[in-house]
>>> print(open('target.txt').read())   # compact mmCIF, C-alpha atoms
# COMPACT_ATOMS: atom_id res chain seq x y z
CA ALA A 1 -12.29 -12.35 -2.04
CA GLN A 2 -8.96 -12.19 -0.30
CA SER A 3 -7.77 -10.93 3.07
CA VAL A 4 -4.76 -10.89 5.33
CA THR A 5 -4.52 -11.00 9.09
CA GLN A 6 -1.46 -9.68 10.84
CA LEU A 7 -1.43 -11.43 14.16
CA ASP A 8 0.50 -8.80 16.14
CA SER A 9 -0.16 -5.07 16.13
CA HIS A 10 3.12 -4.37 17.98
CA VAL A 11 6.35 -6.34 18.22
CA SER A 12 9.32 -5.25 20.30
CA VAL A 13 12.77 -6.85 19.96
CA SER A 14 16.26 -6.04 21.10
CA GLU A 15 18.87 -5.03 18.55
CA GLY A 16 20.71 -8.11 17.27
CA THR A 17 17.88 -10.55 18.07
CA PRO A 18 15.63 -12.26 15.49
CA VAL A 19 12.48 -10.66 14.12
CA LEU A 20 9.26 -12.55 13.40
CA LEU A 21 6.20 -10.73 12.04
CA ARG A 22 3.26 -13.01 11.47
CA CYS A 23 0.76 -12.95 8.62
CA ASN A 24 -2.02 -15.30 7.62
CA TYR A 25 -3.90 -14.93 4.37
CA SER A 26 -7.17 -16.02 2.90
CA SER A 27 -7.69 -16.27 -0.85
CA SER A 28 -10.04 -18.10 -3.17
CA TYR A 29 -7.38 -18.22 -5.86
CA SER A 30 -3.62 -18.49 -6.04
CA PRO A 31 -2.37 -15.46 -4.20
CA SER A 32 0.49 -13.09 -4.73
CA LEU A 33 1.82 -11.92 -1.39
CA PHE A 34 3.94 -8.95 -0.45
CA TRP A 35 5.47 -7.29 2.55
CA TYR A 36 5.71 -3.52 2.55
CA VAL A 37 7.45 -1.33 5.11
CA GLN A 38 6.65 2.25 6.06
CA HIS A 39 9.17 4.35 7.92
CA PRO A 40 7.92 7.56 9.56
CA ASN A 41 7.08 10.26 7.00
CA LYS A 42 8.00 7.97 4.12
CA GLY A 43 6.01 6.12 1.49
CA LEU A 44 5.32 2.41 1.50
CA GLN A 45 8.37 0.49 0.30
CA LEU A 46 8.25 -3.04 -1.10
CA LEU A 47 10.34 -5.44 1.01
CA LEU A 48 9.69 -8.68 -0.86
CA LYS A 49 7.12 -10.56 -2.92
CA TYR A 50 5.89 -14.11 -3.43
CA THR A 51 4.48 -14.89 -6.87
CA SER A 52 4.25 -18.72 -7.03
CA ALA A 53 7.91 -19.39 -7.69
CA ALA A 54 10.19 -20.28 -4.76
CA THR A 55 8.35 -20.53 -1.44
CA LEU A 56 11.22 -18.93 0.47
CA VAL A 57 11.53 -15.37 -0.67
CA LYS A 58 14.44 -13.08 0.09
CA GLY A 59 13.97 -9.34 0.20
CA ILE A 60 15.89 -6.20 0.92
CA ASN A 61 17.74 -5.42 4.14
CA GLY A 62 18.11 -9.07 5.14
CA PHE A 63 14.40 -9.84 5.41
CA GLU A 64 12.86 -13.03 4.12
CA ALA A 65 9.46 -14.70 4.16
CA GLU A 66 8.23 -18.23 3.62
CA PHE A 67 4.99 -19.06 1.85
CA LYS A 68 3.30 -22.03 3.55
CA LYS A 69 0.16 -23.03 1.69
CA SER A 70 -0.84 -25.68 4.23
CA GLU A 71 -0.79 -23.06 7.00
CA THR A 72 -1.96 -20.14 4.79
CA SER A 73 0.90 -18.15 6.26
CA PHE A 74 3.52 -15.74 4.97
CA HIS A 75 5.57 -14.75 8.01
CA LEU A 76 8.36 -12.20 7.74
CA THR A 77 11.68 -12.91 9.46
CA LYS A 78 15.10 -11.41 9.90
CA PRO A 79 17.95 -13.11 11.79
CA SER A 80 19.25 -9.98 13.51
CA ALA A 81 17.32 -6.75 14.07
CA HIS A 82 18.88 -3.38 13.47
CA MET A 83 17.72 -0.07 14.92
CA SER A 84 16.88 1.11 11.41
CA ASP A 85 14.31 -1.71 11.09
CA ALA A 86 11.93 0.13 13.42
CA ALA A 87 8.90 0.87 11.25
CA GLU A 88 5.37 -0.27 10.36
CA TYR A 89 5.17 -3.48 8.31
CA PHE A 90 2.22 -4.44 6.12
CA CYS A 91 1.38 -7.86 4.76
CA VAL A 92 -0.44 -7.52 1.44
CA VAL A 93 -2.27 -9.94 -0.87
CA THR A 94 -3.69 -9.90 -4.34
CA VAL A 95 -4.75 -12.56 -6.83
CA THR A 96 -3.87 -13.24 -10.43
CA GLY A 97 -5.61 -10.88 -12.79
CA ARG A 98 -6.23 -8.19 -10.20
CA ARG A 99 -4.16 -5.14 -9.53
CA ALA A 100 -5.86 -4.03 -6.32
CA LEU A 101 -3.81 -4.82 -3.23
CA THR A 102 -5.47 -5.86 0.04
CA PHE A 103 -3.55 -4.74 3.10
CA GLY A 104 -3.32 -6.16 6.56
CA SER A 105 -3.71 -3.89 9.54
CA GLY A 106 0.03 -3.49 10.03
CA THR A 107 2.59 -4.46 12.68
CA ARG A 108 4.66 -1.80 14.37
CA LEU A 109 8.17 -3.08 15.02
CA GLN A 110 10.15 -1.48 17.83
CA VAL A 111 13.85 -2.22 18.18
CA GLN A 112 15.35 -1.62 21.60
CA PRO A 113 19.07 -0.84 21.97
CA GLU B 1 16.15 6.03 -7.86
CA PRO B 2 12.79 6.85 -9.46
CA GLU B 3 9.99 7.58 -7.03
CA VAL B 4 6.34 8.55 -6.85
CA THR B 5 5.85 12.08 -5.58
CA GLN B 6 2.70 13.52 -4.06
CA THR B 7 1.68 17.08 -3.36
CA PRO B 8 0.78 18.57 -1.00
CA SER B 9 2.00 16.56 1.96
CA HIS B 10 -0.82 17.94 4.11
CA GLN B 11 -4.05 19.63 3.07
CA VAL B 12 -6.76 21.08 5.23
CA THR B 13 -10.13 21.78 3.67
CA GLN B 14 -13.59 22.76 4.83
CA MET B 15 -16.44 20.29 4.65
CA GLY B 16 -18.25 20.56 1.33
CA GLN B 17 -15.27 21.95 -0.55
CA GLU B 18 -13.68 20.27 -3.55
CA VAL B 19 -10.12 19.06 -3.18
CA ILE B 20 -7.60 17.78 -5.71
CA LEU B 21 -4.71 15.59 -4.65
CA ARG B 22 -1.80 15.40 -7.04
CA CYS B 23 0.69 12.72 -7.87
CA VAL B 24 3.57 12.26 -10.29
CA PRO B 25 3.99 8.51 -10.93
CA ILE B 26 7.23 6.88 -12.05
CA SER B 27 7.72 7.88 -15.67
CA ASN B 28 7.65 4.49 -17.44
CA HIS B 29 4.80 3.07 -15.37
CA LEU B 30 1.40 2.59 -16.97
CA TYR B 31 -0.84 1.60 -14.04
CA PHE B 32 -1.79 4.20 -11.46
CA TYR B 33 -3.60 3.81 -8.17
CA TRP B 34 -5.05 5.63 -5.23
CA TYR B 35 -5.28 4.12 -1.76
CA ARG B 36 -6.33 5.70 1.49
CA GLN B 37 -5.73 5.04 5.16
CA ILE B 38 -8.11 6.47 7.72
CA LEU B 39 -6.33 6.97 11.04
CA GLY B 40 -6.14 3.70 12.93
CA GLN B 41 -7.55 1.65 10.04
CA LYS B 42 -6.16 -0.43 7.20
CA VAL B 43 -4.82 0.89 3.94
CA GLU B 44 -7.74 0.56 1.48
CA PHE B 45 -7.74 0.38 -2.30
CA LEU B 46 -9.74 3.10 -4.04
CA VAL B 47 -9.08 2.89 -7.77
CA SER B 48 -6.71 1.77 -10.49
CA PHE B 49 -6.25 3.58 -13.80
CA TYR B 50 -4.81 2.28 -17.04
CA ASN B 51 -4.87 3.49 -20.62
CA ASN B 52 -6.77 6.62 -19.63
CA GLU B 53 -9.63 4.85 -17.95
CA ILE B 54 -10.54 3.29 -14.64
CA SER B 55 -9.64 -0.39 -14.70
CA GLU B 56 -10.85 -1.30 -11.23
CA LYS B 57 -12.49 0.52 -8.33
CA SER B 58 -13.67 -0.30 -4.85
CA GLU B 59 -17.02 0.36 -3.21
CA ILE B 60 -15.47 3.37 -1.52
CA PHE B 61 -14.87 5.05 -4.87
CA ASP B 62 -18.34 6.52 -5.37
CA ASP B 63 -19.58 9.44 -7.46
CA GLN B 64 -17.89 12.03 -5.29
CA PHE B 65 -14.48 10.73 -6.38
CA SER B 66 -12.87 11.07 -9.79
CA VAL B 67 -9.42 10.51 -11.23
CA GLU B 68 -7.67 12.07 -14.15
CA ARG B 69 -4.38 12.03 -15.95
CA PRO B 70 -4.47 15.59 -17.30
CA ASP B 71 -1.07 15.42 -18.97
CA GLY B 72 1.75 12.96 -19.49
CA SER B 73 3.09 13.16 -15.97
CA ASN B 74 0.41 13.95 -13.39
CA PHE B 75 -2.31 11.76 -11.91
CA THR B 76 -4.97 13.40 -9.77
CA LEU B 77 -7.70 12.40 -7.35
CA LYS B 78 -10.61 14.81 -7.00
CA ILE B 79 -13.08 14.70 -4.14
CA ARG B 80 -16.07 16.79 -5.17
CA SER B 81 -17.69 17.68 -1.86
CA THR B 82 -15.59 16.62 1.06
CA LYS B 83 -17.05 15.06 4.19
CA LEU B 84 -15.51 14.75 7.62
CA GLU B 85 -15.06 11.02 7.03
CA ASP B 86 -12.84 11.72 4.00
CA SER B 87 -10.10 12.74 6.42
CA ALA B 88 -7.32 10.24 5.80
CA MET B 89 -3.86 9.69 4.38
CA TYR B 90 -4.14 9.26 0.62
CA PHE B 91 -1.43 7.27 -1.15
CA CYS B 92 -0.74 7.35 -4.85
CA ALA B 93 1.04 4.40 -6.44
CA SER B 94 2.18 3.24 -9.84
CA SER B 95 3.33 0.00 -11.41
CA GLU B 96 4.65 -1.36 -14.67
CA GLU B 97 2.33 -2.84 -17.24
CA GLY B 98 3.76 -6.33 -17.23
CA GLY B 99 4.87 -8.64 -14.48
CA TRP B 100 3.46 -8.81 -11.00
CA PRO B 101 1.45 -5.92 -9.69
CA GLU B 102 3.76 -4.75 -6.97
CA ALA B 103 3.19 -1.05 -6.68
CA PHE B 104 5.54 1.79 -5.88
CA PHE B 105 3.98 4.21 -3.43
CA GLY B 106 4.34 7.89 -2.74
CA GLN B 107 4.70 9.20 0.78
CA GLY B 108 1.07 10.25 0.98
CA THR B 109 -1.07 13.35 1.36
CA ARG B 110 -2.74 13.81 4.71
CA LEU B 111 -6.19 15.28 4.08
CA THR B 112 -7.94 16.89 7.02
CA VAL B 113 -11.57 17.92 6.55
CA VAL B 114 -12.82 20.41 9.15
>>> encode(input="target.txt", output="structure tokens")
Amino acid sequence: AQSVTQLDSHVSVSEGTPVLLRCNYSSSYSPSLFWYVQHPNKGLQLLLKYTSAATLVKGINGFEAEFKKSETSFHLTKPSAHMSDAAEYFCVVTVTGRRALTFGSGTRLQVQP
Amino acid sequence: EPEVTQTPSHQVTQMGQEVILRCVPISNHLYFYWYRQILGQKVEFLVSFYNNEISEKSEIFDDQFSVERPDGSNFTLKIRSTKLEDSAMYFCASSEEGGWPEAFFGQGTRLTVV
């Protein structure tokens, strides 16, 4: 079985400051990890994915995440927040051979002007 | 850019009624999924569908649920006799056959059972 824990339900940052959204995972097998974003009234959009290649993964809109096996973490970062980054972010895990995605509970990112 | 579309965006139904949620996946995708999110809870996997049959389903996906691909473009989720606890946002998704299973999601149908 696999699971993800998003350590913060809400994160608030000022525009132009760094963003850190934390995610820890649990998996019996080699995981594939994803971050999805959901803007209000929009579908879930894939930000980035880790699939056992490079441990530092770059995604869209300047986001990146680092897979740390020793810490079972996959934190999402961005050097400088923009107002348009305000949304709900989901850390997601699956394992090789499965298509079902397991979602974390989500982190709501607020960006203050 | 291709996208997954879902209709309707909001549906209200009476308890015990049948409801069909509709989705048009991305045209060259071969895997189709339904997920749901009850208000305040996590997004949960319901079912995946490939080659005209269910390839994987969760414990939530019991006999009151069914899925169908009635033609070459639509993918539907039917709830036979709705309960109050079926009220949720239902997301359809699709993915390519090969590669990693990242899924492309629609914007969801909010189902309210009264």
>>> residues_around(input="target.txt", residues="B:Arg69", least_positions_apart="3", cutoff="10 Å", atoms="only C-alpha atoms", output="short mmCIF file (atom, residue, chain, number, x, y, z; two decimals) with C-alpha atoms, in the frame of the given file")
data_model
loop_
_atom_site.label_atom_id
_atom_site.label_comp_id
_atom_site.auth_asym_id
_atom_site.auth_seq_id
_atom_site.Cartn_x
_atom_site.Cartn_y
_atom_site.Cartn_z
CA ARG B 22 -1.80 15.40 -7.04
CA CYS B 23 0.69 12.72 -7.87
CA VAL B 24 3.57 12.26 -10.29
CA PHE B 32 -1.79 4.20 -11.46
CA PHE B 49 -6.25 3.58 -13.80
CA TYR B 50 -4.81 2.28 -17.04
CA ASN B 51 -4.87 3.49 -20.62
CA ASN B 52 -6.77 6.62 -19.63
CA GLU B 53 -9.63 4.85 -17.95
CA GLY B 72 1.75 12.96 -19.49
CA SER B 73 3.09 13.16 -15.97
CA ASN B 74 0.41 13.95 -13.39
CA PHE B 75 -2.31 11.76 -11.91
CA THR B 76 -4.97 13.40 -9.77
CA LEU B 77 -7.70 12.40 -7.35
#
>>> atom_distance(input="target.txt", atom1="atom CA of A:Gly43", atom2="atom CA of A:Lys69")
29.7 Å
>>> interface_residues(input="target.txt", of="chain B", to="chain A", cutoff="12 Å", atoms="all atoms listed in the file", output="mmCIF file with C-alpha atoms, in the coordinates of the input")
data_model
loop_
_atom_site.group_PDB
_atom_site.id
_atom_site.type_symbol
_atom_site.label_atom_id
_atom_site.label_comp_id
_atom_site.auth_asym_id
_atom_site.auth_seq_id
_atom_site.Cartn_x
_atom_site.Cartn_y
_atom_site.Cartn_z
ATOM 1 C CA GLU B 3 9.990 7.580 -7.030
ATOM 2 C CA VAL B 4 6.340 8.550 -6.850
ATOM 3 C CA THR B 5 5.850 12.080 -5.580
ATOM 4 C CA GLN B 6 2.700 13.520 -4.060
ATOM 5 C CA SER B 9 2.000 16.560 1.960
ATOM 6 C CA HIS B 10 -0.820 17.940 4.110
ATOM 7 C CA TYR B 31 -0.840 1.600 -14.040
ATOM 8 C CA PHE B 32 -1.790 4.200 -11.460
ATOM 9 C CA TYR B 33 -3.600 3.810 -8.170
ATOM 10 C CA TRP B 34 -5.050 5.630 -5.230
ATOM 11 C CA TYR B 35 -5.280 4.120 -1.760
ATOM 12 C CA ARG B 36 -6.330 5.700 1.490
ATOM 13 C CA GLN B 37 -5.730 5.040 5.160
ATOM 14 C CA ILE B 38 -8.110 6.470 7.720
ATOM 15 C CA LEU B 39 -6.330 6.970 11.040
ATOM 16 C CA GLY B 40 -6.140 3.700 12.930
ATOM 17 C CA GLN B 41 -7.550 1.650 10.040
ATOM 18 C CA LYS B 42 -6.160 -0.430 7.200
ATOM 19 C CA VAL B 43 -4.820 0.890 3.940
ATOM 20 C CA GLU B 44 -7.740 0.560 1.480
ATOM 21 C CA PHE B 45 -7.740 0.380 -2.300
ATOM 22 C CA LEU B 46 -9.740 3.100 -4.040
ATOM 23 C CA VAL B 47 -9.080 2.890 -7.770
ATOM 24 C CA SER B 48 -6.710 1.770 -10.490
ATOM 25 C CA PHE B 49 -6.250 3.580 -13.800
ATOM 26 C CA TYR B 50 -4.810 2.280 -17.040
ATOM 27 C CA ILE B 54 -10.540 3.290 -14.640
ATOM 28 C CA SER B 55 -9.640 -0.390 -14.700
ATOM 29 C CA GLU B 56 -10.850 -1.300 -11.230
ATOM 30 C CA LYS B 57 -12.490 0.520 -8.330
ATOM 31 C CA SER B 58 -13.670 -0.300 -4.850
ATOM 32 C CA MET B 89 -3.860 9.690 4.380
ATOM 33 C CA TYR B 90 -4.140 9.260 0.620
ATOM 34 C CA PHE B 91 -1.430 7.270 -1.150
ATOM 35 C CA CYS B 92 -0.740 7.350 -4.850
ATOM 36 C CA ALA B 93 1.040 4.400 -6.440
ATOM 37 C CA SER B 94 2.180 3.240 -9.840
ATOM 38 C CA SER B 95 3.330 0.000 -11.410
ATOM 39 C CA GLU B 96 4.650 -1.360 -14.670
ATOM 40 C CA GLU B 97 2.330 -2.840 -17.240
ATOM 41 C CA GLY B 98 3.760 -6.330 -17.230
ATOM 42 C CA GLY B 99 4.870 -8.640 -14.480
ATOM 43 C CA TRP B 100 3.460 -8.810 -11.000
ATOM 44 C CA PRO B 101 1.450 -5.920 -9.690
ATOM 45 C CA GLU B 102 3.760 -4.750 -6.970
ATOM 46 C CA ALA B 103 3.190 -1.050 -6.680
ATOM 47 C CA PHE B 104 5.540 1.790 -5.880
ATOM 48 C CA PHE B 105 3.980 4.210 -3.430
ATOM 49 C CA GLY B 106 4.340 7.890 -2.740
ATOM 50 C CA GLN B 107 4.700 9.200 0.780
ATOM 51 C CA GLY B 108 1.070 10.250 0.980
ATOM 52 C CA THR B 109 -1.070 13.350 1.360
ATOM 53 C CA ARG B 110 -2.740 13.810 4.710
#
>>> residues_near_point(input="target.txt", point="(13.3, -11.9, 2.1)", cutoff="9 Å", atoms="all atoms listed in the file", output="PyMOL selection string")
chain A and resi 47-49+56-66+76-78
>>> residues_near_point(input="target.txt", point="(-15.1, 25.8, 7.0)", cutoff="7 Å", atoms="only C-alpha atoms", output="mmCIF file with C-alpha atoms, in the coordinates of the input")
data_model
loop_
_atom_site.group_PDB
_atom_site.id
_atom_site.type_symbol
_atom_site.label_atom_id
_atom_site.label_comp_id
_atom_site.auth_asym_id
_atom_site.auth_seq_id
_atom_site.Cartn_x
_atom_site.Cartn_y
_atom_site.Cartn_z
ATOM 1 C CA GLN B 14 -13.590 22.760 4.830
ATOM 2 C CA MET B 15 -16.440 20.290 4.650
ATOM 3 C CA VAL B 114 -12.820 20.410 9.150
#
>>> residues_around(input="target.txt", residues="A:Asn24", least_positions_apart="2", cutoff="8 Å", atoms="all atoms listed in the file", output="PyMOL selection string")
chain A and resi 4-7+22+26+71-75
>>> atom_distance(input="target.txt", atom1="atom CA of B:Asp62", atom2="atom CA of A:Ala1")
20.1 Å
>>> residues_around(input="target.txt", residues="B:Gln17", least_positions_apart="4", cutoff="8 Å", atoms="all atoms listed in the file", output="JSON, numbers by chain")
{"B": [13, 80, 81, 82]}
>>> build_atoms(input="target.txt", residues="stretch 78-96 of chain A", atoms="N, CA and C atoms", output="CSV table (one decimal), keeping the file's coordinate frame")
chain,number,residue,atom,x,y,z
A,78,LYS,N,13.8,-12.0,10.1
A,78,LYS,CA,15.1,-11.4,9.9
A,78,LYS,C,16.0,-12.0,11.0
A,79,PRO,N,17.1,-12.5,10.7
A,79,PRO,CA,18.0,-13.1,11.8
A,79,PRO,C,18.4,-12.2,12.9
A,80,SER,N,18.7,-10.9,12.5
A,80,SER,CA,19.2,-10.0,13.5
A,80,SER,C,18.7,-8.6,13.3
A,81,ALA,N,17.9,-8.1,14.2
A,81,ALA,CA,17.3,-6.8,14.1
A,81,ALA,C,18.3,-5.6,14.2
A,82,HIS,N,18.1,-4.6,13.4
A,82,HIS,CA,18.9,-3.4,13.5
A,82,HIS,C,18.0,-2.2,13.9
A,83,MET,N,18.5,-1.2,14.5
A,83,MET,CA,17.7,-0.1,14.9
A,83,MET,C,16.9,0.5,13.8
A,84,SER,N,17.5,0.5,12.6
A,84,SER,CA,16.9,1.1,11.4
A,84,SER,C,15.7,0.3,10.9
A,85,ASP,N,15.5,-0.9,11.5
A,85,ASP,CA,14.3,-1.7,11.1
A,85,ASP,C,13.0,-1.2,11.8
A,86,ALA,N,13.1,-0.4,12.7
A,86,ALA,CA,11.9,0.1,13.4
A,86,ALA,C,11.0,0.9,12.4
A,87,ALA,N,9.8,0.3,12.3
A,87,ALA,CA,8.9,0.9,11.2
A,87,ALA,C,7.6,0.1,11.4
A,88,GLU,N,6.6,0.5,10.5
A,88,GLU,CA,5.4,-0.3,10.4
A,88,GLU,C,5.5,-1.2,9.2
A,89,TYR,N,5.1,-2.5,9.3
A,89,TYR,CA,5.2,-3.5,8.3
A,89,TYR,C,3.8,-4.0,7.9
A,90,PHE,N,3.5,-4.0,6.6
A,90,PHE,CA,2.2,-4.4,6.1
A,90,PHE,C,2.3,-5.7,5.3
A,91,CYS,N,1.5,-6.7,5.6
A,91,CYS,CA,1.4,-7.9,4.8
A,91,CYS,C,0.3,-7.6,3.8
A,92,VAL,N,0.5,-7.9,2.5
A,92,VAL,CA,-0.4,-7.5,1.4
A,92,VAL,C,-0.7,-8.7,0.5
A,93,VAL,N,-1.9,-8.8,0.0
A,93,VAL,CA,-2.3,-9.9,-0.9
A,93,VAL,C,-3.0,-9.4,-2.1
A,94,THR,N,-2.8,-10.1,-3.2
A,94,THR,CA,-3.7,-9.9,-4.3
A,94,THR,C,-3.8,-11.2,-5.1
A,95,VAL,N,-4.6,-11.3,-6.1
A,95,VAL,CA,-4.8,-12.6,-6.8
A,95,VAL,C,-4.5,-12.3,-8.3
A,96,THR,N,-4.2,-13.3,-9.0
A,96,THR,CA,-3.9,-13.2,-10.4
A,96,THR,C,-5.0,-12.6,-11.2
